[in-house]
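Novice: Below is the file entry12.cif, which contains mmCIF, C-alpha atoms.
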data_my_file
loop_
_atom_site.label_atom_id
_atom_site.label_comp_id
_atom_site.auth_asym_id
_atom_site.auth_seq_id
_atom_site.Cartn_x
_atom_site.Cartn_y
_atom_site.Cartn_z
CA MET C 1163 0.00 0.00 0.00
CA PRO C 1164 1.33 3.51 -0.79
CA ALA C 1165 2.69 5.61 2.04
CA VAL C 1166 0.10 8.39 1.74
CA PRO C 1167 -2.96 6.14 2.25
CA LEU C 1168 -1.22 4.53 5.22
CA ALA C 1169 -0.66 7.94 6.76
CA LEU C 1170 -4.28 8.94 6.19
CA LEU C 1171 -5.47 5.68 7.74
CA ALA C 1172 -3.29 6.26 10.77
CA CYS C 1173 -4.74 9.75 11.20
CA VAL C 1174 -8.28 8.44 11.00
CA LEU C 1175 -7.60 5.70 13.56
CA ALA C 1176 -5.89 8.17 15.86
CA ALA C 1177 -8.82 10.55 15.65
CA GLY C 1178 -11.30 7.74 16.32
CA THR C 1179 -9.48 6.56 19.45
CA ALA C 1180 -8.43 9.96 20.82
CA TRP C 1181 -11.55 10.31 22.91
CA ALA C 1182 -11.41 6.71 24.18
CA GLN C 1183 -7.79 7.18 25.37
CA SER C 1184 -8.34 10.66 26.82
CA ASP C 1185 -8.04 11.04 30.57
CA GLU C 1186 -10.09 14.22 30.57
CA PRO C 1187 -13.32 13.76 32.53
CA LEU C 1188 -16.56 14.14 30.59
CA SER C 1189 -19.01 16.83 31.60
CA LEU C 1190 -22.73 16.45 31.15
CA ALA C 1191 -22.53 18.69 28.08
CA ASP C 1192 -19.88 16.36 26.61
CA CYS C 1193 -22.20 13.41 27.10
CA TYR C 1194 -25.01 15.31 25.39
CA ARG C 1195 -22.78 15.90 22.36
CA LEU C 1196 -21.77 12.25 22.21
CA ALA C 1197 -25.42 11.20 22.32
CA GLU C 1198 -26.32 13.60 19.50
CA GLN C 1199 -23.53 12.10 17.40
CA ASN C 1200 -24.15 8.41 18.12
CA GLN C 1201 -27.68 7.77 19.40
CA PRO C 1202 -29.60 5.80 16.70
CA ASP C 1203 -32.98 7.00 17.98
CA LEU C 1204 -32.06 10.53 16.90
CA VAL C 1205 -31.07 9.27 13.45
CA THR C 1206 -34.41 7.50 13.14
CA ALA C 1207 -36.34 10.61 14.16
CA GLU C 1208 -34.40 12.76 11.68
CA ALA C 1209 -35.07 10.22 8.93
CA GLN C 1210 -38.79 10.47 9.66
CA VAL C 1211 -38.54 14.23 9.09
CA HIS C 1212 -36.97 13.62 5.68
CA VAL C 1213 -39.74 11.14 4.88
CA ALA C 1214 -42.33 13.80 5.71
CA GLU C 1215 -40.48 16.33 3.53
CA ALA C 1216 -40.62 13.90 0.62
CA HIS C 1217 -44.33 13.27 1.22
CA LEU C 1218 -44.97 17.03 1.13
CA LYS C 1219 -43.22 17.29 -2.24
CA GLU C 1220 -45.37 14.41 -3.51
CA ARG C 1221 -48.52 16.23 -2.42
CA ARG C 1222 -47.41 19.41 -4.16
CA SER C 1223 -46.76 17.66 -7.47
CA PRO C 1224 -50.31 18.22 -8.90
CA TYR C 1225 -49.57 21.95 -8.96
CA PHE C 1226 -46.88 21.38 -11.59
CA PRO C 1227 -47.11 20.13 -15.20
CA HIS C 1228 -46.53 16.45 -15.93
CA LEU C 1229 -44.67 15.42 -19.08
CA SER C 1230 -44.18 11.83 -20.15
CA PHE C 1231 -42.44 10.16 -23.08
CA GLY C 1232 -43.34 6.85 -24.62
CA ALA C 1233 -42.08 4.66 -27.42
CA THR C 1234 -43.40 1.27 -28.51
CA HIS C 1235 -42.78 -1.27 -31.22
CA ASN C 1236 -45.32 -4.04 -31.87
CA GLN C 1237 -44.93 -6.96 -34.26
CA GLN C 1238 -48.40 -8.39 -34.77
CA THR C 1239 -50.92 -9.88 -37.20
CA TYR C 1240 -53.58 -7.69 -38.73
CA ASN C 1241 -56.38 -10.19 -39.44
CA TYR C 1242 -59.70 -8.47 -40.06
CA ALA C 1243 -62.40 -8.94 -37.43
CA PRO C 1244 -65.72 -7.11 -38.05
CA LEU C 1245 -67.18 -5.16 -35.15
CA PRO C 1246 -70.88 -5.05 -34.25
CA GLY C 1247 -72.74 -2.46 -36.31
CA THR C 1248 -70.31 -2.48 -39.27
CA ALA C 1249 -70.95 -3.93 -42.72
CA PRO C 1250 -68.40 -5.80 -44.80
CA THR C 1251 -66.69 -3.63 -47.40
CA PRO C 1252 -66.88 -5.01 -51.03
CA ARG C 1253 -63.56 -5.66 -52.64
CA PHE C 1254 -62.77 -3.59 -55.71
CA GLY C 1255 -63.28 -5.57 -58.95
CA SER C 1256 -65.58 -8.16 -57.43
CA GLN C 1257 -67.98 -9.64 -60.05
CA SER C 1258 -70.88 -10.29 -57.69
CA GLY C 1259 -70.23 -7.52 -55.20
CA ALA C 1260 -70.82 -10.08 -52.47
CA SER C 1261 -67.21 -10.71 -51.56
CA THR C 1262 -65.59 -8.48 -48.95
CA SER C 1263 -62.16 -7.42 -47.81
CA TYR C 1264 -62.00 -10.39 -45.54
CA ASN C 1265 -59.16 -12.61 -46.83
CA GLY C 1266 -59.13 -15.17 -44.03
CA GLU C 1267 -56.62 -15.48 -41.20
CA ALA C 1268 -52.86 -15.56 -41.68
CA LEU C 1269 -49.79 -15.80 -39.47
CA SER C 1270 -47.93 -13.06 -41.27
CA THR C 1271 -47.07 -10.07 -39.11
CA SER C 1272 -46.26 -6.43 -39.65
CA PRO C 1273 -44.55 -3.90 -37.37
CA TYR C 1274 -46.15 -0.89 -35.77
CA TYR C 1275 -44.13 1.99 -34.40
CA TYR C 1276 -45.11 4.70 -31.93
CA THR C 1277 -43.24 7.45 -30.08
CA GLY C 1278 -44.54 10.62 -28.50
CA LEU C 1279 -44.85 13.08 -25.64
CA ASN C 1280 -47.85 13.57 -23.40
CA PHE C 1281 -48.37 16.78 -21.39
CA THR C 1282 -50.95 17.25 -18.61
CA GLN C 1283 -51.60 20.14 -16.26
CA ASN C 1284 -54.13 20.29 -13.47
CA ILE C 1285 -55.97 23.61 -13.74
CA TYR C 1286 -58.19 23.57 -10.65
CA ASP C 1287 -59.52 20.83 -8.41
CA PHE C 1288 -61.47 22.92 -5.86
CA GLY C 1289 -59.30 22.10 -2.85
CA LEU C 1290 -58.22 18.51 -3.48
CA THR C 1291 -54.55 19.41 -3.87
CA SER C 1292 -54.54 22.30 -1.38
CA GLY C 1293 -56.12 20.08 1.29
CA SER C 1294 -53.55 17.38 0.60
CA VAL C 1295 -50.72 19.92 0.83
CA GLN C 1296 -52.11 21.24 4.11
CA ARG C 1297 -51.98 17.70 5.51
CA GLY C 1298 -48.44 17.28 4.19
CA ARG C 1299 -47.27 20.46 5.89
CA ALA C 1300 -48.89 19.40 9.14
CA GLU C 1301 -47.28 15.96 8.92
CA LEU C 1302 -43.89 17.57 8.34
CA ALA C 1303 -44.35 19.85 11.35
CA GLN C 1304 -45.52 16.86 13.37
CA ALA C 1305 -42.42 14.87 12.39
CA GLN C 1306 -40.21 17.80 13.39
CA GLN C 1307 -41.94 18.07 16.77
CA ASN C 1308 -41.61 14.32 17.30
CA ARG C 1309 -37.90 14.59 16.48
CA ASP C 1310 -37.52 17.35 19.06
CA ARG C 1311 -39.36 15.27 21.66
CA VAL C 1312 -37.18 12.24 20.94
CA ARG C 1313 -34.15 14.47 21.39
CA GLN C 1314 -35.44 15.74 24.73
CA GLN C 1315 -36.14 12.22 25.95
CA THR C 1316 -32.75 11.01 24.72
CA LEU C 1317 -30.90 13.79 26.51
CA LEU C 1318 -32.99 13.19 29.63
CA ASN C 1319 -31.93 9.52 29.53
CA VAL C 1320 -28.31 10.66 29.23
CA ARG C 1321 -28.76 13.03 32.18
CA ASN C 1322 -30.32 10.31 34.33
CA ALA C 1323 -27.61 7.82 33.42
CA TYR C 1324 -24.89 10.44 34.01
CA PHE C 1325 -26.05 11.14 37.54
CA GLY C 1326 -26.64 7.40 37.98
CA VAL C 1327 -22.92 6.83 37.45
CA LEU C 1328 -21.99 9.66 39.82
CA ALA C 1329 -24.35 8.31 42.49
CA ALA C 1330 -23.02 4.78 42.03
CA GLN C 1331 -19.44 6.04 42.39
CA GLU C 1332 -20.38 7.91 45.55
CA LEU C 1333 -22.09 4.83 46.98
CA VAL C 1334 -18.96 2.77 46.27
CA ARG C 1335 -16.95 5.30 48.30
CA VAL C 1336 -19.51 5.15 51.09
CA ARG C 1337 -19.34 1.36 51.15
CA GLU C 1338 -15.54 1.40 51.04
CA LYS C 1339 -15.45 3.74 54.01
CA ALA C 1340 -17.88 1.46 55.84
CA VAL C 1341 -15.61 -1.53 55.20
CA GLN C 1342 -12.61 0.45 56.45
CA ASP C 1343 -14.44 1.51 59.59
CA GLN C 1344 -15.68 -2.03 60.23
CA SER C 1345 -12.17 -3.42 59.72
CA LYS C 1346 -10.73 -0.90 62.15
CA HIS C 1347 -13.34 -1.72 64.75
CA LEU C 1348 -12.75 -5.44 64.26
CA GLU C 1349 -9.04 -4.97 64.93
CA GLN C 1350 -9.87 -2.94 68.03
CA ILE C 1351 -12.33 -5.57 69.34
CA GLN C 1352 -9.88 -8.39 68.65
CA ALA C 1353 -7.26 -6.50 70.66
CA PHE C 1354 -9.76 -6.07 73.49
CA PHE C 1355 -10.55 -9.78 73.33
CA GLN C 1356 -6.86 -10.69 73.54
CA VAL C 1357 -6.52 -8.78 76.81
CA GLY C 1358 -9.85 -10.01 78.15
CA ARG C 1359 -11.78 -6.75 77.90
CA SER C 1360 -14.32 -8.10 75.38
CA PRO C 1361 -16.00 -11.48 75.02
CA LYS C 1362 -15.70 -13.69 71.95
CA ILE C 1363 -19.24 -12.87 70.90
CA ASP C 1364 -18.20 -9.25 70.33
CA VAL C 1365 -15.55 -10.43 67.87
CA THR C 1366 -18.01 -12.70 66.09
CA ARG C 1367 -20.64 -9.98 65.86
CA GLN C 1368 -18.15 -7.52 64.41
CA GLU C 1369 -16.96 -10.11 61.87
CA VAL C 1370 -20.56 -10.50 60.70
CA GLN C 1371 -20.87 -6.73 60.50
CA LEU C 1372 -17.71 -6.54 58.37
CA ALA C 1373 -18.92 -9.32 56.07
CA ASN C 1374 -22.19 -7.47 55.52
CA ALA C 1375 -20.30 -4.28 54.73
CA GLN C 1376 -18.13 -6.15 52.23
CA LEU C 1377 -21.27 -7.61 50.65
CA ASP C 1378 -22.71 -4.10 50.31
CA LEU C 1379 -19.46 -2.97 48.69
CA VAL C 1380 -19.57 -5.77 46.12
CA GLN C 1381 -23.15 -4.87 45.27
CA ALA C 1382 -22.24 -1.17 44.96
CA GLN C 1383 -19.37 -2.01 42.61
CA SER C 1384 -21.73 -4.12 40.51
CA ASP C 1385 -24.25 -1.28 40.43
CA LEU C 1386 -21.50 1.04 39.20
CA THR C 1387 -20.70 -1.31 36.31
CA VAL C 1388 -24.37 -1.42 35.36
CA ALA C 1389 -24.60 2.39 35.61
CA HIS C 1390 -21.65 2.77 33.20
CA ALA C 1391 -23.40 0.43 30.77
CA ALA C 1392 -26.61 2.46 31.03
CA LEU C 1393 -24.73 5.69 30.30
CA ALA C 1394 -22.96 4.16 27.31
CA THR C 1395 -26.25 2.84 25.92
CA SER C 1396 -27.99 6.17 26.38
CA MET C 1397 -25.25 7.80 24.28
CA GLY C 1398 -25.31 5.09 21.61
CA LEU C 1399 -21.83 3.82 22.51
CA PRO C 1400 -20.60 0.24 23.16
CA VAL C 1401 -22.04 -1.13 26.38
CA LYS C 1402 -18.65 -2.02 27.87
CA ARG C 1403 -17.37 1.55 27.71
CA THR C 1404 -16.53 3.18 31.06
CA PHE C 1405 -16.21 6.89 31.71
CA LYS C 1406 -14.47 9.39 33.92
CA LEU C 1407 -17.03 12.08 34.72
CA VAL C 1408 -17.06 15.57 36.19
CA ASP C 1409 -18.70 15.25 39.61
CA SER C 1410 -21.73 17.56 39.60
CA LEU C 1411 -24.05 15.47 41.76
CA ARG C 1412 -24.09 18.16 44.45
CA ASN C 1413 -24.97 20.94 41.97
CA ALA C 1414 -28.67 21.24 42.72
CA GLN C 1415 -30.48 23.89 40.69
CA VAL C 1416 -33.38 25.69 42.34
CA PRO C 1417 -36.72 25.18 40.54
CA GLU C 1418 -38.86 28.13 39.50
CA GLU C 1419 -42.51 28.68 40.38
CA VAL C 1420 -44.90 25.96 39.26
CA ASP C 1421 -46.92 28.37 37.07
CA VAL C 1422 -43.83 29.06 34.99
CA TYR C 1423 -43.48 25.37 34.18
CA LEU C 1424 -47.20 24.95 33.50
CA ASN C 1425 -47.24 27.84 31.01
CA GLU C 1426 -44.07 26.73 29.28
CA ALA C 1427 -45.35 23.17 28.93
CA GLN C 1428 -48.42 24.35 27.02
CA LYS C 1429 -46.22 26.42 24.70
CA LEU C 1430 -43.07 24.33 24.34
CA ARG C 1431 -43.96 20.66 24.65
CA PRO C 1432 -43.16 19.16 21.22
CA ASP C 1433 -45.62 16.30 21.63
CA LEU C 1434 -48.42 18.78 22.39
CA GLN C 1435 -47.49 20.85 19.35
CA ALA C 1436 -47.47 17.67 17.28
CA LEU C 1437 -51.06 17.00 18.34
CA ARG C 1438 -52.00 20.52 17.24
CA GLU C 1439 -50.57 19.64 13.85
CA VAL C 1440 -52.79 16.55 13.81
CA VAL C 1441 -55.81 18.88 14.06
CA ILE C 1442 -54.47 20.99 11.19
CA ALA C 1443 -53.95 17.85 9.11
CA ALA C 1444 -57.55 16.81 9.80
CA GLU C 1445 -58.72 20.22 8.59
CA GLY C 1446 -56.81 19.64 5.37
CA ASP C 1447 -58.55 16.30 4.97
CA ILE C 1448 -61.91 18.06 5.27
CA VAL C 1449 -60.94 20.50 2.51
CA ALA C 1450 -59.90 17.61 0.26
CA ALA C 1451 -63.08 15.64 1.08
CA ARG C 1452 -65.30 18.59 0.16
CA SER C 1453 -63.55 18.89 -3.20
CA ASN C 1454 -65.00 15.50 -4.17
CA PHE C 1455 -68.36 17.24 -4.66
CA LYS C 1456 -66.87 19.68 -7.19
CA PRO C 1457 -65.50 19.24 -10.72
CA ARG C 1458 -61.94 18.73 -11.84
CA LEU C 1459 -60.51 20.89 -14.59
CA SER C 1460 -57.44 19.79 -16.52
CA PHE C 1461 -55.51 20.52 -19.70
CA THR C 1462 -53.85 17.86 -21.86
CA SER C 1463 -51.82 17.87 -25.05
CA PHE C 1464 -49.80 15.36 -27.00
CA GLY C 1465 -47.41 15.07 -29.90
CA ASP C 1466 -46.55 11.71 -31.42
CA PHE C 1467 -45.13 9.84 -34.38
CA GLN C 1468 -46.66 6.55 -35.48
CA ASN C 1469 -47.04 4.36 -38.55
CA LEU C 1470 -46.84 0.79 -39.80
CA LYS C 1471 -43.49 1.61 -41.39
CA PHE C 1472 -40.93 4.35 -41.61
CA PRO C 1473 -41.15 7.27 -42.05
CA LEU C 1474 -43.48 7.80 -39.10
CA ILE C 1475 -46.40 10.20 -39.39
CA TRP C 1476 -46.67 12.97 -36.77
CA ASN C 1477 -49.75 14.29 -35.02
CA LEU C 1478 -50.43 17.01 -32.46
CA GLY C 1479 -53.41 17.49 -30.17
CA PHE C 1480 -54.60 19.39 -27.13
CA GLY C 1481 -57.77 19.69 -25.13
CA GLU C 1482 -59.41 20.45 -21.83
CA GLY C 1483 -61.22 18.10 -19.53
CA LEU C 1484 -63.94 18.49 -16.92
CA LEU C 1485 -64.94 15.71 -14.56
CA GLN C 1486 -67.91 16.15 -12.23
CA PRO C 1487 -68.84 13.29 -9.87
CA LEU C 1488 -72.60 12.76 -9.81
CA LEU C 1489 -73.38 9.50 -8.02
CA THR C 1490 -70.82 7.72 -5.86
CA GLY C 1491 -73.06 5.49 -3.80
CA GLY C 1492 -72.74 7.79 -0.79
CA PHE C 1493 -68.96 7.43 -0.66
CA ASN C 1494 -68.15 11.15 -0.84
CA ARG C 1495 -70.57 12.10 1.95
CA ALA C 1496 -69.37 9.24 4.12
CA PHE C 1497 -65.76 10.26 3.52
CA LEU C 1498 -66.53 13.87 4.44
CA SER C 1499 -68.25 12.72 7.63
CA GLU C 1500 -65.23 10.55 8.43
CA THR C 1501 -62.81 13.47 8.11
CA GLU C 1502 -65.03 15.74 10.24
CA GLN C 1503 -65.24 13.13 12.99
CA ALA C 1504 -61.48 12.59 12.76
CA LYS C 1505 -60.98 16.30 13.41
CA THR C 1506 -63.32 16.15 16.42
CA ALA C 1507 -61.38 13.19 17.80
CA ALA C 1508 -58.07 15.00 17.24
CA GLU C 1509 -59.32 18.08 19.09
CA SER C 1510 -60.58 15.99 22.00
CA ASN C 1511 -57.30 14.10 22.17
CA LEU C 1512 -55.40 17.39 22.17
CA LYS C 1513 -57.46 18.64 25.11
CA ALA C 1514 -57.00 15.39 27.04
CA VAL C 1515 -53.24 15.31 26.51
CA SER C 1516 -53.01 18.97 27.48
CA GLN C 1517 -54.64 18.16 30.82
CA LEU C 1518 -52.36 15.17 31.34
CA ILE C 1519 -49.32 17.35 30.67
CA ASP C 1520 -50.48 19.82 33.31
CA GLN C 1521 -50.83 16.92 35.73
CA GLU C 1522 -47.39 15.60 34.78
CA VAL C 1523 -45.76 18.99 35.32
CA TYR C 1524 -47.52 19.53 38.64
CA THR C 1525 -46.55 16.04 39.86
CA ASP C 1526 -42.92 16.46 38.78
CA TYR C 1527 -42.78 19.86 40.45
CA THR C 1528 -44.09 18.39 43.69
CA ASN C 1529 -41.61 15.52 43.51
CA THR C 1530 -38.77 17.97 42.87
CA THR C 1531 -39.76 20.11 45.84
CA VAL C 1532 -39.93 17.07 48.13
CA ALA C 1533 -36.62 15.73 46.80
CA ARG C 1534 -34.93 19.05 47.56
CA GLN C 1535 -36.22 18.95 51.13
CA GLN C 1536 -35.03 15.36 51.49
CA ILE C 1537 -31.45 16.42 50.73
CA ASP C 1538 -31.37 18.75 53.72
CA LEU C 1539 -32.98 16.15 55.95
CA ALA C 1540 -30.60 13.42 54.76
CA ILE C 1541 -27.56 15.64 55.41
CA LYS C 1542 -28.80 16.42 58.89
CA ALA C 1543 -29.44 12.71 59.58
CA ASP C 1544 -25.95 11.85 58.30
CA GLU C 1545 -24.32 14.39 60.59
CA GLU C 1546 -26.23 13.05 63.59
CA ALA C 1547 -25.43 9.44 62.62
CA GLN C 1548 -21.70 10.24 62.39
CA GLU C 1549 -21.86 11.95 65.77
CA ASN C 1550 -23.69 8.95 67.19
CA LEU C 1551 -21.05 6.60 65.78
CA ALA C 1552 -18.24 8.63 67.33
CA PHE C 1553 -20.07 8.59 70.65
CA ALA C 1554 -20.70 4.82 70.51
CA ASP C 1555 -17.09 4.17 69.49
CA GLY C 1556 -15.84 6.25 72.39
CA ARG C 1557 -18.12 4.48 74.86
CA TYR C 1558 -17.02 1.06 73.62
CA SER C 1559 -13.36 2.02 73.74
CA ALA C 1560 -13.85 3.28 77.27
CA GLY C 1561 -15.46 0.00 78.25
CA VAL C 1562 -18.84 1.49 79.15
CA GLY C 1563 -20.62 0.62 75.87
CA ASN C 1564 -21.50 -2.75 74.36
CA ILE C 1565 -21.00 -4.24 70.94
CA ILE C 1566 -24.68 -3.98 70.01
CA GLU C 1567 -24.61 -0.25 70.56
CA LEU C 1568 -21.49 0.07 68.38
CA THR C 1569 -22.71 -2.12 65.51
CA ASP C 1570 -26.06 -0.35 65.48
CA ALA C 1571 -24.26 2.99 65.26
CA GLU C 1572 -22.06 1.68 62.42
CA LEU C 1573 -25.07 0.47 60.45
CA LEU C 1574 -26.92 3.71 61.05
CA ALA C 1575 -23.93 5.78 59.89
CA ALA C 1576 -23.52 3.75 56.69
CA THR C 1577 -27.23 3.94 55.94
CA ALA C 1578 -27.38 7.68 56.54
CA ALA C 1579 -24.39 8.33 54.27
CA ALA C 1580 -26.02 6.28 51.52
CA GLN C 1581 -29.28 8.19 51.99
CA VAL C 1582 -27.51 11.46 51.30
CA VAL C 1583 -26.26 10.11 47.98
CA THR C 1584 -29.68 8.70 47.13
CA ALA C 1585 -31.40 11.99 48.02
CA ARG C 1586 -29.07 13.99 45.76
CA TYR C 1587 -29.53 11.48 42.95
CA ASN C 1588 -33.32 11.54 43.31
CA TYR C 1589 -33.31 15.32 43.17
CA GLN C 1590 -31.30 15.35 39.95
CA LEU C 1591 -33.73 12.87 38.40
CA ALA C 1592 -36.78 14.81 39.56
CA PHE C 1593 -35.42 18.15 38.37
CA GLY C 1594 -34.51 16.72 34.97
CA ARG C 1595 -37.98 15.23 34.54
CA LEU C 1596 -39.53 18.56 35.51
CA GLU C 1597 -37.50 20.47 32.95
CA VAL C 1598 -38.40 18.05 30.16
CA ALA C 1599 -42.05 17.92 31.27
CA ALA C 1600 -42.12 21.69 30.72
CA GLY C 1601 -40.70 21.22 27.22
CA ARG C 1602 -37.27 22.62 28.00
CA ASP C 1603 -34.14 21.37 26.29
CA PRO C 1604 -32.01 19.49 28.87
CA SER C 1605 -28.82 20.72 27.19
CA ASN C 1606 -29.65 24.41 27.77
#
Would you mind writing the file out in structure tokens?
Specialist:
Amino acid sequence: MPAVPLALLACVLAAGTAWAQSDEPLSLADCYRLAEQNQPDLVTAEAQVHVAEAHLKERRSPYFPHLSFGATHNQQTYNYAPLPGTAPTPRFGSQSGASTSYNGEALSTSPYYYTGLNFTQNIYDFGLTSGSVQRGRAELAQAQQNRDRVRQQTLLNVRNAYFGVLAAQELVRVREKAVQDQSKHLEQIQAFFQVGRSPKIDVTRQEVQLANAQLDLVQAQSDLTVAHAALATSMGLPVKRTFKLVDSLRNAQVPEEVDVYLNEAQKLRPDLQALREVVIAAEGDIVAARSNFKPRLSFTSFGDFQNLKFPLIWNLGFGEGLLQPLLTGGFNRAFLSETEQAKTAAESNLKAVSQLIDQEVYTDYTNTTVARQQIDLAIKADEEAQENLAFADGRYSAGVGNIIELTDAELLAATAAAQVVTARYNYQLAFGRLEVAAGRDPSN
């Protein structure tokens, strides 16, 4: 292989692996960008937009002239077959005048050639095309809104997975500290047992406590691996990828007033705007359905060359056409009724979803408010649990406390520390859901 292609290939491989080998921690914004580049759901949603764009162009096509070209060559027999209502034609020179041009059937064939252009232009169809175009525009807008909603949900999944990894990392540190504390206490109790200050049961009880702490650590490490896989999947990356992240778990944004979110949801929610486009599309269907009661006006022309042999003989022609449906067996009225009922159903569905969105926003706002309060309560409980552990440890070391008091304090301290992490994680999830419920872009 030449040297230049090898160099280019090396550059491409280096660029593709630069991020994977980078030690720089990823921020939440970095994860959003990776998801926008790799998440297949976003590609699918964007493709649906292009499909709707193509459909709109198809619906607009009746506004423009249509030109077609054709050419045929037939090799066929030309045996005479009289048609009903026609009389045989006497052959020239017949003695009796009774014989006709019919000469029997033969297998001999002759060619026939045709080539020509055909031009058609719709003049006016009383709303058939305009109604179809209105539906096409609404479907395009609906596809765009659906794409935006998929993007919001995708970025929300990335946000949740991002804070899931941070929370899992924090829980691993909490469990590691618990194991360290339990190990230190076990060494202390074993030393007390050696000098006769503590019974054997204290040693056994602390060994059980240490084993439980180690079990919690193993589970926390497993949860961290799963959290990394969830983050990778949310960004459209290989499931085994692990990440070094910027720790922003403690960065808790303060929510605004609930009315702000309720108003924004009605204006910004892409799925709600998509349902409004469904109503507009139904209105376009009504316009098209009403056009079935009115005539169609069109213009046609042609130019062709045809003959049994060369040279071909040319012809030109043009004309106008009018088509007025008279009796359709009730189809047109039934179709109009169908489109009107479809619009009514779309409007009712829009109203119902609008109410559900208000409920969703209000519920998420309440959950966010509660989650914020739980952070303060969890921090206070953690501080008191650590103080209680220090007090129990001091009492046991002084010989005035018992092992049950110490192990209970250890368990309470570990649980309280984990609750702080869980409370911060829950708040990040609740706040992210609230923002997306209001139609806001998570990346802003």
Novice: Tell me which residues the PyMOL selection byres ((chain C and resi 1320) around 12) grabs here, as a PyMOL selection string.
Specialist: chain C and resi 1189-1198+1201+1313-1319+1321-1327+1389-1399+1591+1594-1595+1604-1605
Novice: Could the residues in this selection be written to a file with C-alpha atoms, as a short mmCIF file (atom, residue, chain, number, x, y, z; two decimals), keeping the file's coordinate frame?
Specialist:
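Output contents, as saved in out-v9.cif:
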data_model
loop_
_atom_site.label_atom_id
_atom_site.label_comp_id
_atom_site.auth_asym_id
_atom_site.auth_seq_id
_atom_site.Cartn_x
_atom_site.Cartn_y
_atom_site.Cartn_z
CA SER C 1189 -19.01 16.83 31.60
CA LEU C 1190 -22.73 16.45 31.15
CA ALA C 1191 -22.53 18.69 28.08
CA ASP C 1192 -19.88 16.36 26.61
CA CYS C 1193 -22.20 13.41 27.10
CA TYR C 1194 -25.01 15.31 25.39
CA ARG C 1195 -22.78 15.90 22.36
CA LEU C 1196 -21.77 12.25 22.21
CA ALA C 1197 -25.42 11.20 22.32
CA GLU C 1198 -26.32 13.60 19.50
CA GLN C 1201 -27.68 7.77 19.40
CA ARG C 1313 -34.15 14.47 21.39
CA GLN C 1314 -35.44 15.74 24.73
CA GLN C 1315 -36.14 12.22 25.95
CA THR C 1316 -32.75 11.01 24.72
CA LEU C 1317 -30.90 13.79 26.51
CA LEU C 1318 -32.99 13.19 29.63
CA ASN C 1319 -31.93 9.52 29.53
CA ARG C 1321 -28.76 13.03 32.18
CA ASN C 1322 -30.32 10.31 34.33
CA ALA C 1323 -27.61 7.82 33.42
CA TYR C 1324 -24.89 10.44 34.01
CA PHE C 1325 -26.05 11.14 37.54
CA GLY C 1326 -26.64 7.40 37.98
CA VAL C 1327 -22.92 6.83 37.45
CA ALA C 1389 -24.60 2.39 35.61
CA HIS C 1390 -21.65 2.77 33.20
CA ALA C 1391 -23.40 0.43 30.77
CA ALA C 1392 -26.61 2.46 31.03
CA LEU C 1393 -24.73 5.69 30.30
CA ALA C 1394 -22.96 4.16 27.31
CA THR C 1395 -26.25 2.84 25.92
CA SER C 1396 -27.99 6.17 26.38
CA MET C 1397 -25.25 7.80 24.28
CA GLY C 1398 -25.31 5.09 21.61
CA LEU C 1399 -21.83 3.82 22.51
CA LEU C 1591 -33.73 12.87 38.40
CA GLY C 1594 -34.51 16.72 34.97
CA ARG C 1595 -37.98 15.23 34.54
CA PRO C 1604 -32.01 19.49 28.87
CA SER C 1605 -28.82 20.72 27.19
#
Novice: Pick the closest to Val1420 (chain C) from C:Thr1569, C:Gly1289, C:Asp1526, C:Glu1338: which is it, counting all atoms listed in the file?
Specialist: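 For Val1420 (chain C), the nearest of the candidates is C:Asp1526.
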Novice: Taking 6 positions as the minimum chain separation for residues in the same chain, which residues sit within 9 Å of Val1211 (chain C) when counting all atoms listed in the file? Answer as number ranges by chain.
Specialist: C: 1301-1306, 1308-1309
Novice: So, counting all atoms listed in the file, which residue among C:Ala1576, C:Leu1596, C:Ile1565, C:Leu1518 is closest to Val1334 (chain C)?
Specialist: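 Nearest candidate to Val1334 (chain C) out of C:Ala1576, C:Leu1596, C:Ile1565, C:Leu1518: C:Ala1576.
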Novice: What would the selection look like, as number ranges by chain, if the PyMOL selection byres ((chain C and resi 1422) around 12) were run on the coordinates I just shared?
Specialist: C: 1417-1421, 1423-1430, 1520, 1523-1524, 1527, 1596-1597, 1599-1602
Novice: Once 3 Å is added on each side, what are the centre and the three edge lengths, in Å to one decimal, of the axis-aligned box enclosing the listed atoms of region 1582-1585 of chain C? Present them as lines of an AutoDock Vina configuration file.
Specialist:
center_x = -28.8
center_y = 10.3
center_z = 49.2
size_x = 11.1
size_y = 9.3
size_z = 10.2
